[in-house]
file data32.cif (mmCIF, C-alpha atoms and all ligand atoms)
data_final
loop_
_atom_site.group_PDB
_atom_site.id
_atom_site.type_symbol
_atom_site.label_atom_id
_atom_site.label_comp_id
_atom_site.auth_asym_id
_atom_site.auth_seq_id
_atom_site.Cartn_x
_atom_site.Cartn_y
_atom_site.Cartn_z
ATOM 1 C CA MET A 22 180.086 -33.847 14.790
ATOM 2 C CA ASP A 23 179.522 -33.045 11.124
ATOM 3 C CA GLN A 24 178.830 -34.438 7.646
ATOM 4 C CA ASN A 25 182.073 -36.466 7.839
ATOM 5 C CA ASP A 26 180.541 -38.520 10.650
ATOM 6 C CA ILE A 27 177.528 -39.228 8.463
ATOM 7 C CA SER A 28 179.846 -40.413 5.679
ATOM 8 C CA GLU A 29 181.557 -42.583 8.295
ATOM 9 C CA ILE A 30 178.173 -44.253 9.005
ATOM 10 C CA ALA A 31 178.014 -45.266 5.330
ATOM 11 C CA GLU A 32 181.545 -46.679 5.518
ATOM 12 C CA LEU A 33 180.808 -48.620 8.733
ATOM 13 C CA ILE A 34 177.623 -50.094 7.262
ATOM 14 C CA ALA A 35 179.482 -51.080 4.091
ATOM 15 C CA ASP A 36 182.093 -52.751 6.356
ATOM 16 C CA LEU A 37 179.226 -54.499 8.241
ATOM 17 C CA ASP A 38 180.539 -52.889 11.450
ATOM 18 C CA ASP A 39 178.095 -52.604 14.397
ATOM 19 C CA GLU A 40 179.822 -49.368 15.411
ATOM 20 C CA ALA A 41 177.460 -47.780 12.866
ATOM 21 C CA ILE A 42 174.636 -48.083 15.412
ATOM 22 C CA GLU A 43 176.488 -46.033 18.056
ATOM 23 C CA LEU A 44 177.540 -43.436 15.506
ATOM 24 C CA VAL A 45 173.925 -43.044 14.316
ATOM 25 C CA LYS A 46 172.864 -42.396 17.926
ATOM 26 C CA GLU A 47 175.704 -39.912 18.455
ATOM 27 C CA CYS A 48 174.903 -38.017 15.239
ATOM 28 C CA LEU A 49 171.237 -37.711 16.232
ATOM 29 C CA GLU A 50 172.128 -36.626 19.776
ATOM 30 C CA ALA A 51 174.463 -33.995 18.326
ATOM 31 C CA GLY A 52 171.498 -32.596 16.373
ATOM 32 C CA LEU A 53 172.591 -33.573 12.846
ATOM 33 C CA ASP A 54 169.767 -33.723 10.263
ATOM 34 C CA PRO A 55 168.055 -37.148 10.656
ATOM 35 C CA VAL A 56 167.121 -37.174 6.947
ATOM 36 C CA SER A 57 170.793 -36.817 6.053
ATOM 37 C CA VAL A 58 171.801 -39.474 8.613
ATOM 38 C CA LEU A 59 169.337 -41.796 6.848
ATOM 39 C CA LYS A 60 170.062 -40.870 3.221
ATOM 40 C CA ASP A 61 173.774 -40.008 3.220
ATOM 41 C CA GLY A 62 174.614 -42.497 5.960
ATOM 42 C CA VAL A 63 172.502 -45.650 6.092
ATOM 43 C CA VAL A 64 171.105 -45.779 2.541
ATOM 44 C CA LYS A 65 174.504 -44.823 1.061
ATOM 45 C CA GLY A 66 176.030 -47.709 3.064
ATOM 46 C CA LEU A 67 173.492 -50.131 1.582
ATOM 47 C CA GLU A 68 174.312 -48.878 -1.917
ATOM 48 C CA LYS A 69 177.985 -49.630 -1.272
ATOM 49 C CA ILE A 70 177.071 -53.133 -0.077
ATOM 50 C CA GLY A 71 175.143 -53.592 -3.331
ATOM 51 C CA GLN A 72 178.223 -52.587 -5.321
ATOM 52 C CA LEU A 73 180.447 -54.967 -3.333
ATOM 53 C CA PHE A 74 177.910 -57.744 -3.980
ATOM 54 C CA GLU A 75 177.883 -56.966 -7.687
ATOM 55 C CA SER A 76 181.709 -57.033 -7.845
ATOM 56 C CA LYS A 77 181.581 -60.391 -6.010
ATOM 57 C CA ASP A 78 183.532 -59.057 -2.991
ATOM 58 C CA TYR A 79 180.405 -59.741 -0.903
ATOM 59 C CA PHE A 80 177.979 -62.680 -1.036
ATOM 60 C CA LEU A 81 174.455 -63.372 0.229
ATOM 61 C CA ALA A 82 175.589 -63.660 3.871
ATOM 62 C CA GLU A 83 177.035 -60.130 3.755
ATOM 63 C CA LEU A 84 173.870 -58.782 2.074
ATOM 64 C CA MET A 85 171.848 -60.249 4.939
ATOM 65 C CA VAL A 86 174.076 -58.878 7.700
ATOM 66 C CA GLY A 87 174.167 -55.470 6.005
ATOM 67 C CA GLY A 88 170.384 -55.449 5.625
ATOM 68 C CA GLU A 89 169.878 -56.237 9.322
ATOM 69 C CA LEU A 90 172.402 -53.629 10.424
ATOM 70 C CA ALA A 91 170.683 -51.003 8.272
ATOM 71 C CA GLU A 92 167.273 -51.953 9.648
ATOM 72 C CA THR A 93 168.530 -51.510 13.233
ATOM 73 C CA CYS A 94 169.858 -48.057 12.338
ATOM 74 C CA ILE A 95 166.621 -47.071 10.564
ATOM 75 C CA LYS A 96 164.561 -48.005 13.651
ATOM 76 C CA ILE A 97 166.704 -45.603 15.697
ATOM 77 C CA ILE A 98 166.340 -42.787 13.123
ATOM 78 C CA ASP A 99 162.579 -43.256 12.510
ATOM 79 C CA PRO A 100 161.249 -41.319 15.551
ATOM 80 C CA HIS A 101 163.483 -38.362 14.665
ATOM 81 C CA LEU A 102 162.180 -37.885 11.107
ATOM 82 C CA PRO A 103 160.245 -34.624 10.704
ATOM 83 C CA VAL A 104 156.454 -34.671 10.349
ATOM 84 C CA THR A 105 155.429 -32.781 7.198
ATOM 85 C CA ALA A 106 151.647 -33.266 7.485
ATOM 86 C CA ASP A 107 149.089 -30.567 8.323
ATOM 87 C CA GLY A 108 146.826 -32.989 10.213
ATOM 88 C CA SER A 109 144.355 -33.856 7.435
ATOM 89 C CA ASN A 110 144.234 -37.313 5.839
ATOM 90 C CA GLN A 111 146.012 -36.997 2.472
ATOM 91 C CA GLY A 112 144.808 -40.315 1.058
ATOM 92 C CA VAL A 113 145.007 -44.063 1.588
ATOM 93 C CA VAL A 114 147.905 -46.164 0.274
ATOM 94 C CA VAL A 115 148.472 -49.929 0.245
ATOM 95 C CA ILE A 116 152.135 -50.774 -0.227
ATOM 96 C CA GLY A 117 154.275 -53.905 -0.291
ATOM 97 C CA ALA A 118 156.786 -55.945 -2.253
ATOM 98 C CA VAL A 119 155.566 -57.932 -5.252
ATOM 99 C CA SER A 120 155.530 -61.689 -5.583
ATOM 100 C CA GLY A 121 158.994 -63.250 -5.231
ATOM 101 C CA ASP A 122 160.569 -60.101 -3.742
ATOM 102 C CA LEU A 123 161.863 -60.060 -0.161
ATOM 103 C CA HIS A 124 163.359 -56.541 -0.050
ATOM 104 C CA ASP A 125 161.416 -54.503 2.505
ATOM 105 C CA ILE A 126 163.782 -51.721 3.602
ATOM 106 C CA GLY A 127 163.079 -49.532 0.537
ATOM 107 C CA TYR A 128 159.297 -49.645 0.632
ATOM 108 C CA GLY A 129 159.431 -49.366 4.435
ATOM 109 C CA LEU A 130 161.069 -45.968 4.003
ATOM 110 C CA VAL A 131 158.413 -44.960 1.465
ATOM 111 C CA ALA A 132 155.659 -46.050 3.873
ATOM 112 C CA LYS A 133 157.258 -44.035 6.689
ATOM 113 C CA GLN A 134 157.602 -40.836 4.617
ATOM 114 C CA LEU A 135 154.013 -41.152 3.386
ATOM 115 C CA GLU A 136 152.806 -41.504 6.975
ATOM 116 C CA LEU A 137 154.806 -38.456 8.047
ATOM 117 C CA ALA A 138 153.214 -36.553 5.157
ATOM 118 C CA GLY A 139 149.693 -37.432 6.376
ATOM 119 C CA PHE A 140 148.788 -40.484 4.292
ATOM 120 C CA GLU A 141 147.048 -43.499 5.827
ATOM 121 C CA VAL A 142 149.422 -46.327 4.912
ATOM 122 C CA HIS A 143 148.759 -50.058 4.970
ATOM 123 C CA SER A 144 151.965 -52.067 4.582
ATOM 124 C CA ILE A 145 151.388 -55.641 3.492
ATOM 125 C CA GLY A 146 154.904 -57.026 3.709
ATOM 126 C CA VAL A 147 156.899 -58.909 1.108
ATOM 127 C CA ASN A 148 156.247 -61.588 -1.518
ATOM 128 C CA ASN A 149 152.622 -60.608 -2.149
ATOM 129 C CA ASP A 150 150.403 -62.323 -4.698
ATOM 130 C CA SER A 151 149.035 -59.800 -7.184
ATOM 131 C CA MET A 152 145.485 -60.274 -5.874
ATOM 132 C CA ARG A 153 146.624 -59.565 -2.314
ATOM 133 C CA PHE A 154 147.278 -55.906 -3.248
ATOM 134 C CA ILE A 155 143.810 -55.579 -4.740
ATOM 135 C CA GLU A 156 142.011 -57.334 -1.896
ATOM 136 C CA LYS A 157 143.736 -55.121 0.674
ATOM 137 C CA ALA A 158 143.065 -51.981 -1.404
ATOM 138 C CA LYS A 159 139.344 -52.865 -1.537
ATOM 139 C CA GLU A 160 139.260 -53.674 2.185
ATOM 140 C CA VAL A 161 140.767 -50.342 3.313
ATOM 141 C CA GLY A 162 139.319 -48.131 0.545
ATOM 142 C CA ALA A 163 142.736 -47.276 -0.894
ATOM 143 C CA HIS A 164 143.385 -44.630 -3.544
ATOM 144 C CA ILE A 165 146.903 -45.787 -4.389
ATOM 145 C CA ILE A 166 148.594 -49.184 -4.626
ATOM 146 C CA GLY A 167 152.385 -49.059 -4.228
ATOM 147 C CA LEU A 168 154.436 -51.895 -5.695
ATOM 148 C CA SER A 169 158.037 -52.408 -4.653
ATOM 149 C CA ALA A 170 160.330 -54.557 -6.819
ATOM 150 C CA PHE A 171 164.098 -54.786 -6.427
ATOM 151 C CA LEU A 172 165.003 -57.608 -8.797
ATOM 152 C CA VAL A 173 164.975 -57.883 -12.575
ATOM 153 C CA THR A 174 163.103 -61.141 -12.042
ATOM 154 C CA THR A 175 160.342 -59.560 -9.907
ATOM 155 C CA ILE A 176 159.759 -56.273 -11.769
ATOM 156 C CA PRO A 177 157.570 -58.043 -14.391
ATOM 157 C CA ASN A 178 155.203 -59.028 -11.562
ATOM 158 C CA CYS A 179 154.152 -55.373 -11.352
ATOM 159 C CA LYS A 180 152.508 -55.816 -14.755
ATOM 160 C CA ASP A 181 150.443 -58.625 -13.311
ATOM 161 C CA VAL A 182 148.896 -56.331 -10.683
ATOM 162 C CA VAL A 183 148.224 -53.658 -13.335
ATOM 163 C CA ASN A 184 146.512 -56.255 -15.556
ATOM 164 C CA TYR A 185 144.328 -57.580 -12.737
ATOM 165 C CA VAL A 186 143.226 -54.057 -11.800
ATOM 166 C CA ARG A 187 142.329 -53.331 -15.446
ATOM 167 C CA ASP A 188 140.604 -56.676 -15.992
ATOM 168 C CA MET A 189 138.480 -56.005 -12.916
ATOM 169 C CA GLY A 190 137.613 -52.507 -14.193
ATOM 170 C CA LEU A 191 139.205 -50.896 -11.133
ATOM 171 C CA GLN A 192 141.720 -48.634 -12.900
ATOM 172 C CA ASP A 193 139.858 -45.436 -11.953
ATOM 173 C CA LYS A 194 139.444 -46.562 -8.351
ATOM 174 C CA PHE A 195 143.054 -47.548 -7.652
ATOM 175 C CA LYS A 196 146.097 -45.788 -9.105
ATOM 176 C CA ILE A 197 149.230 -47.930 -9.221
ATOM 177 C CA ILE A 198 152.723 -46.648 -8.521
ATOM 178 C CA MET A 199 155.964 -48.579 -8.415
ATOM 179 C CA GLY A 200 159.589 -48.268 -7.327
ATOM 180 C CA GLY A 201 162.676 -50.179 -6.214
ATOM 181 C CA ALA A 202 166.407 -50.272 -6.859
ATOM 182 C CA GLU A 203 166.327 -51.730 -10.376
ATOM 183 C CA THR A 204 163.247 -49.831 -11.601
ATOM 184 C CA ASN A 205 163.030 -46.578 -13.565
ATOM 185 C CA GLN A 206 160.412 -44.470 -15.362
ATOM 186 C CA GLU A 207 160.804 -46.465 -18.579
ATOM 187 C CA LYS A 208 160.234 -49.817 -16.863
ATOM 188 C CA SER A 209 157.275 -48.328 -15.009
ATOM 189 C CA ASN A 210 155.760 -47.239 -18.345
ATOM 190 C CA MET A 211 156.341 -50.751 -19.700
ATOM 191 C CA MET A 212 154.521 -52.243 -16.704
ATOM 192 C CA GLY A 213 151.616 -49.868 -17.312
ATOM 193 C CA ALA A 214 151.875 -48.254 -13.854
ATOM 194 C CA ASP A 215 150.415 -44.791 -13.253
ATOM 195 C CA GLY A 216 153.598 -43.476 -11.688
ATOM 196 C CA TRP A 217 157.148 -44.154 -10.536
ATOM 197 C CA ALA A 218 159.461 -42.524 -8.008
ATOM 198 C CA PRO A 219 163.187 -43.023 -7.337
ATOM 199 C CA ASN A 220 162.996 -42.462 -3.568
ATOM 200 C CA ALA A 221 160.724 -41.949 -0.580
ATOM 201 C CA MET A 222 160.637 -38.141 -0.781
ATOM 202 C CA GLU A 223 159.614 -38.172 -4.428
ATOM 203 C CA ALA A 224 157.099 -40.936 -3.722
ATOM 204 C CA VAL A 225 155.322 -38.466 -1.421
ATOM 205 C CA THR A 226 155.246 -35.827 -4.181
ATOM 206 C CA LEU A 227 153.981 -38.452 -6.645
ATOM 207 C CA CYS A 228 151.166 -39.567 -4.318
ATOM 208 C CA LYS A 229 150.133 -35.965 -3.664
ATOM 209 C CA THR A 230 150.030 -35.303 -7.433
ATOM 210 C CA ILE A 231 147.889 -38.410 -7.967
ATOM 211 C CA MET A 232 145.517 -37.370 -5.162
ATOM 212 C CA ARG A 233 145.158 -33.940 -6.764
ATOM 213 C CA GLU A 234 144.846 -35.013 -10.399
ATOM 214 C CA HIS A 235 142.780 -38.197 -10.034
ATOM 215 C CA PHE A 236 140.907 -37.781 -6.790
ATOM 216 C CA GLY A 237 140.337 -34.007 -6.792
ATOM 217 C CA ARG A 238 142.199 -33.362 -3.539
ATOM 218 C CA THR A 239 143.596 -29.865 -3.180
HETATM 219 C C1 LIG B 1 169.937 -55.436 1.599
HETATM 220 C C2 LIG B 1 169.754 -56.203 0.304
HETATM 221 C C3 LIG B 1 169.211 -57.473 0.375
HETATM 222 C C4 LIG B 1 168.615 -58.047 1.663
HETATM 223 C C5 LIG B 1 167.224 -57.382 1.872
HETATM 224 C C6 LIG B 1 166.928 -57.160 3.315
HETATM 225 C C7 LIG B 1 165.613 -56.417 3.488
HETATM 226 N N1 LIG B 1 165.058 -56.646 4.655
HETATM 227 O O1 LIG B 1 165.117 -55.691 2.642
HETATM 228 C C8 LIG B 1 168.516 -59.573 1.335
HETATM 229 C C9 LIG B 1 169.711 -60.297 1.933
HETATM 230 C C10 LIG B 1 167.241 -60.269 1.786
HETATM 231 C C11 LIG B 1 168.659 -59.579 -0.182
HETATM 232 C C12 LIG B 1 168.390 -60.695 -0.947
HETATM 233 C C13 LIG B 1 168.605 -60.758 -2.323
HETATM 234 N N2 LIG B 1 169.121 -59.795 -3.099
HETATM 235 CO CO1 LIG B 1 169.390 -57.951 -2.510
HETATM 236 N N3 LIG B 1 170.077 -56.277 -2.074
HETATM 237 C C14 LIG B 1 170.149 -55.632 -0.948
HETATM 238 C C15 LIG B 1 170.806 -54.249 -1.193
HETATM 239 C C16 LIG B 1 172.262 -54.295 -0.748
HETATM 240 C C17 LIG B 1 170.132 -53.101 -0.495
HETATM 241 C C18 LIG B 1 168.619 -52.994 -0.767
HETATM 242 C C19 LIG B 1 168.040 -51.891 0.046
HETATM 243 O O2 LIG B 1 167.311 -52.113 0.999
HETATM 244 N N4 LIG B 1 168.439 -50.666 -0.240
HETATM 245 C C20 LIG B 1 168.054 -49.477 0.539
HETATM 246 C C21 LIG B 1 166.791 -48.876 -0.008
HETATM 247 C C22 LIG B 1 166.484 -47.613 0.782
HETATM 248 O O3 LIG B 1 166.977 -48.747 -1.345
HETATM 249 P P1 LIG B 1 166.443 -47.766 -2.424
HETATM 250 O O4 LIG B 1 166.423 -48.429 -3.741
HETATM 251 O O5 LIG B 1 167.196 -46.473 -2.337
HETATM 252 O O6 LIG B 1 164.922 -47.504 -1.972
HETATM 253 C C23 LIG B 1 164.275 -46.363 -2.467
HETATM 254 C C24 LIG B 1 163.667 -46.571 -3.866
HETATM 255 O O7 LIG B 1 163.956 -47.818 -4.429
HETATM 256 C C25 LIG B 1 162.225 -46.257 -3.659
HETATM 257 N N5 LIG B 1 161.270 -47.367 -3.565
HETATM 258 C C26 LIG B 1 161.403 -48.607 -3.072
HETATM 259 N N6 LIG B 1 160.245 -49.267 -3.103
HETATM 260 C C27 LIG B 1 159.324 -48.433 -3.626
HETATM 261 C C28 LIG B 1 157.967 -48.600 -3.864
HETATM 262 C C29 LIG B 1 157.246 -47.545 -4.424
HETATM 263 C C30 LIG B 1 155.806 -47.711 -4.672
HETATM 264 C C31 LIG B 1 157.908 -46.318 -4.770
HETATM 265 C C32 LIG B 1 157.171 -45.223 -5.395
HETATM 266 C C33 LIG B 1 159.271 -46.162 -4.514
HETATM 267 C C34 LIG B 1 159.960 -47.214 -3.937
HETATM 268 O O8 LIG B 1 162.157 -45.548 -2.422
HETATM 269 C C35 LIG B 1 163.117 -46.121 -1.538
HETATM 270 C C36 LIG B 1 163.416 -45.218 -0.365
HETATM 271 O O9 LIG B 1 163.991 -43.969 -0.766
HETATM 272 C C37 LIG B 1 170.609 -54.104 -2.738
HETATM 273 C C38 LIG B 1 171.576 -53.149 -3.435
HETATM 274 C C39 LIG B 1 170.897 -51.858 -3.894
HETATM 275 N N7 LIG B 1 171.589 -51.112 -4.693
HETATM 276 O O10 LIG B 1 169.764 -51.561 -3.605
HETATM 277 C C40 LIG B 1 170.686 -55.565 -3.186
HETATM 278 C C41 LIG B 1 170.041 -55.985 -4.501
HETATM 279 C C42 LIG B 1 168.688 -55.305 -4.702
HETATM 280 N N8 LIG B 1 169.844 -57.429 -4.286
HETATM 281 C C43 LIG B 1 170.125 -58.151 -5.318
HETATM 282 C C44 LIG B 1 170.043 -59.576 -5.380
HETATM 283 C C45 LIG B 1 170.572 -60.213 -6.646
HETATM 284 C C46 LIG B 1 169.499 -60.314 -4.312
HETATM 285 C C47 LIG B 1 169.306 -61.843 -4.273
HETATM 286 C C48 LIG B 1 168.760 -62.473 -5.582
HETATM 287 C C49 LIG B 1 170.653 -62.460 -3.865
HETATM 288 C C50 LIG B 1 170.709 -63.992 -3.905
HETATM 289 N N9 LIG B 1 171.662 -64.485 -4.656
HETATM 290 O O11 LIG B 1 169.915 -64.663 -3.293
HETATM 291 C C51 LIG B 1 168.320 -62.003 -3.089
HETATM 292 C C52 LIG B 1 166.847 -62.020 -3.558
HETATM 293 C C53 LIG B 1 165.879 -62.206 -2.447
HETATM 294 C C54 LIG B 1 164.463 -61.958 -2.938
HETATM 295 N N10 LIG B 1 163.805 -63.009 -3.436
HETATM 296 O O12 LIG B 1 163.979 -60.825 -2.895
HETATM 297 C C55 LIG B 1 170.542 -57.287 -6.507
HETATM 298 C C56 LIG B 1 169.456 -57.180 -7.586
HETATM 299 C C57 LIG B 1 170.077 -57.233 -8.965
HETATM 300 C C58 LIG B 1 169.083 -57.400 -10.049
HETATM 301 N N11 LIG B 1 169.478 -56.828 -11.178
HETATM 302 O O13 LIG B 1 168.050 -58.010 -9.954
HETATM 303 C C59 LIG B 1 170.943 -55.935 -5.809
HETATM 304 C C60 LIG B 1 170.716 -54.663 -6.669
HETATM 305 C C61 LIG B 1 172.452 -56.058 -5.445
HETATM 306 C C62 LIG B 1 173.350 -56.004 -6.672
HETATM 307 N N12 LIG B 1 173.928 -54.843 -6.973
HETATM 308 O O14 LIG B 1 173.524 -56.978 -7.356
HETATM 309 N N13 LIG B 1 169.103 -58.367 -0.651
#

call {"tool": "encode", "arguments": {"input": "data32.cif", "output": "structure tokens", "more": "lines below"}}
Ligand code: B12
result
Amino acid sequence: MDQNDISEIAELIADLDDEAIELVKECLEAGLDPVSVLKDGVVKGLEKIGQLFESKDYFLAELMVGGELAETCIKIIDPHLPVTADGSNQGVVVIGAVSGDLHDIGYGLVAKQLELAGFEVHSIGVNNDSMRFIEKAKEVGAHIIGLSAFLVTTIPNCKDVVNYVRDMGLQDKFKIIMGGAETNQEKSNMMGADGWAPNAMEAVTLCKTIMREHFGRT
């Protein structure tokens, strides 16, 4: 088995074919890199589904089936992902999707990578009121609040959380980061967030930088 089989996973997911699940298992059993199976296989497949949706070849039903298929594959890959932590608690993160947003695969991957890197992560699900992030962050003593937004209509809700945190004078206590398919550094700046990352790996680097620069962690 080789990289071609991983590309085949992406194709099968884009075709909404359950065979993807078996191929994921076979690739992992054959010892292929689980990070590549996830990134170049499953996530690539979801990107293709997004393109087919945009070109109107796929509709909501296909998005839903594709999302479920990807989630099944991710659950199989999860236990194989490498632990990068040294055992010490790297910091506390509250993460979830903003109000109106139901996409949870992307932030789920961020949460998983942060956990593997030694962060204590509290996932609060989808469609969260702005205050929900702050209440949870207070409750668990978070350092970082992670906002996930996948839609042009939900990205502005990130600004709401930033404003609440500022209005409550909590901007030094909680640092806010954001991400999601339709976000970028420029939009993050516009929302007033403290940081943005394009993927789960870089989200880990971002959180470590924040812990070092704002919370004096080495
Ligand atoms: C699967 C999917 C769905 C599934 C979601 C299932 C689930 N459980 O999550 C369902 C069917 C629910 C869905 C619904 C809709 N969707 Co949808 N969906 C997708 C699709 C195909 C994949 C999303 C995904 O999970 N990708 C995989 C992950 C891994 O993506 P990722 O971006 O690489 O994630 C990384 C980064 O974003 C980052 N990240 C993510 N969150 C965070 C948070 C922080 C703090 C940080 C630092 C980083 C970070 O790290 C992640 C991991 O590396 C995308 C297409 C796409 N290109 O993303 C469309 C897409 C996001 N959906 C879209 C749309 C339009 C919709 C609907 C409005 C459709 C409709 N007509 O109803 C609804 C809206 C529902 C709602 N209110 O939220 C559009 C958005 C377009 C836009 N400009 O707003 C997209 C882009 C498709 C398209 N090309 O048109 N969708």

call {"tool": "closest_atom_pairs", "arguments": {"input": "data32.cif", "of": "segment 130-167 of chain A", "to": "segment 219-223 of chain A", "cutoff": "7 Å", "atoms": "all atoms listed in the file", "output": "CSV"}}
result
residue,atom,partner,partner_atom,distance
A:Leu130,CA,A:Ala221,CA,6.1
A:Val131,CA,A:Ala221,CA,4.3
A:Gln134,CA,A:Ala221,CA,6.2

call {"tool": "write_last_selection", "arguments": {"input": "data32.cif", "atoms": "C-alpha atoms", "output": "PDB file, in the frame of the given file"}}
result
ATOM      1  CA  LEU A 130     161.069 -45.968   4.003  1.00  0.00           C
ATOM      2  CA  VAL A 131     158.413 -44.960   1.465  1.00  0.00           C
ATOM      3  CA  GLN A 134     157.602 -40.836   4.617  1.00  0.00           C
TER       4      GLN A 134
END

call {"tool": "residues_near_ligand", "arguments": {"input": "data32.cif", "ligand": "ligand LIG 1 (chain B)", "cutoff": "6 Å", "atoms": "all atoms listed in the file", "output": "VMD selection string"}}
result
chain A and resid 64 67 to 68 70 to 72 74 to 75 81 84 to 85 88 121 to 128 130 to 131 167 to 169 171 to 173 198 to 202 217 to 221 224

call {"tool": "axis_aligned_box", "arguments": {"input": "data32.cif", "around": "segment 60-74 of chain A", "padding_each_side": "3 Å", "output": "JSON"}}
result
{"center_x": 175.3, "center_y": -48.9, "center_z": 0.4, "size_x": 16.4, "size_y": 23.7, "size_z": 17.4}

call {"tool": "resolve_selection", "arguments": {"input": "data32.cif", "expression": "the PyMOL selection byres (((chain A and resi 109) around 12) and not hetatm)", "output": "list in words"}}
result
Thr105, Ala106, Asp107, Gly108, Asn110, Gln111, Gly112, Val113, Glu136, Leu137, Ala138, Gly139, Phe140, Glu141, Arg238 and Thr239 of chain A

call {"tool": "resolve_selection", "arguments": {"input": "data32.cif", "expression": "the PyMOL selection byres (((chain A and resi 41) around 12) and not hetatm)", "output": "MDAnalysis selection string"}}
result
chainID A and resid 26:40 42:48 58:59 62:63 66 87 89:95 97

call {"tool": "resolve_selection", "arguments": {"input": "data32.cif", "expression": "the PyMOL selection byres (((chain A and resi 54) around 10) and not hetatm)", "output": "list in words"}}
result
Asp23, Gln24, Ile27, Cys48, Leu49, Ala51, Gly52, Leu53, Pro55, Val56, Ser57, Val58, Leu59, His101, Leu102 and Pro103 of chain A

call {"tool": "build_atoms", "arguments": {"input": "data32.cif", "residues": "segment 173-178 of chain A", "atoms": "all heavy atoms", "output": "mmCIF file, keeping the file's coordinate frame"}}
result
data_model
loop_
_atom_site.group_PDB
_atom_site.id
_atom_site.type_symbol
_atom_site.label_atom_id
_atom_site.label_comp_id
_atom_site.auth_asym_id
_atom_site.auth_seq_id
_atom_site.Cartn_x
_atom_site.Cartn_y
_atom_site.Cartn_z
ATOM 1 N N VAL A 173 165.419 -57.821 -11.174
ATOM 2 C CA VAL A 173 164.975 -57.883 -12.575
ATOM 3 C C VAL A 173 163.941 -59.001 -12.756
ATOM 4 O O VAL A 173 163.073 -58.906 -13.609
ATOM 5 C CB VAL A 173 166.151 -58.078 -13.569
ATOM 6 C CG1 VAL A 173 166.912 -56.796 -13.772
ATOM 7 C CG2 VAL A 173 167.073 -59.188 -13.142
ATOM 8 N N THR A 174 164.045 -60.017 -11.915
ATOM 9 C CA THR A 174 163.103 -61.141 -12.042
ATOM 10 C C THR A 174 161.727 -60.840 -11.430
ATOM 11 O O THR A 174 160.759 -61.533 -11.732
ATOM 12 C CB THR A 174 163.674 -62.386 -11.326
ATOM 13 O OG1 THR A 174 164.111 -61.988 -10.029
ATOM 14 C CG2 THR A 174 164.822 -62.987 -12.095
ATOM 15 N N THR A 175 161.641 -59.829 -10.540
ATOM 16 C CA THR A 175 160.342 -59.560 -9.907
ATOM 17 C C THR A 175 159.642 -58.327 -10.488
ATOM 18 O O THR A 175 158.429 -58.178 -10.308
ATOM 19 C CB THR A 175 160.485 -59.386 -8.374
ATOM 20 O OG1 THR A 175 161.407 -58.328 -8.108
ATOM 21 C CG2 THR A 175 160.968 -60.653 -7.724
ATOM 22 N N ILE A 176 160.377 -57.474 -11.181
ATOM 23 C CA ILE A 176 159.759 -56.273 -11.769
ATOM 24 C C ILE A 176 158.579 -56.642 -12.684
ATOM 25 O O ILE A 176 157.526 -56.008 -12.616
ATOM 26 C CB ILE A 176 160.813 -55.408 -12.496
ATOM 27 C CG1 ILE A 176 161.789 -54.824 -11.457
ATOM 28 C CG2 ILE A 176 160.156 -54.271 -13.284
ATOM 29 C CD1 ILE A 176 163.027 -54.188 -12.037
ATOM 30 N N PRO A 177 158.707 -57.700 -13.526
ATOM 31 C CA PRO A 177 157.570 -58.043 -14.391
ATOM 32 C C PRO A 177 156.279 -58.365 -13.629
ATOM 33 O O PRO A 177 155.183 -58.262 -14.181
ATOM 34 C CB PRO A 177 158.066 -59.282 -15.151
ATOM 35 C CG PRO A 177 159.553 -59.174 -15.103
ATOM 36 C CD PRO A 177 159.880 -58.537 -13.791
ATOM 37 N N ASN A 178 156.414 -58.726 -12.342
ATOM 38 C CA ASN A 178 155.203 -59.028 -11.562
ATOM 39 C C ASN A 178 154.337 -57.789 -11.306
ATOM 40 O O ASN A 178 153.165 -57.916 -10.952
ATOM 41 C CB ASN A 178 155.583 -59.707 -10.236
ATOM 42 C CG ASN A 178 156.252 -61.047 -10.482
ATOM 43 O OD1 ASN A 178 156.029 -61.660 -11.535
ATOM 44 N ND2 ASN A 178 157.084 -61.493 -9.571
#
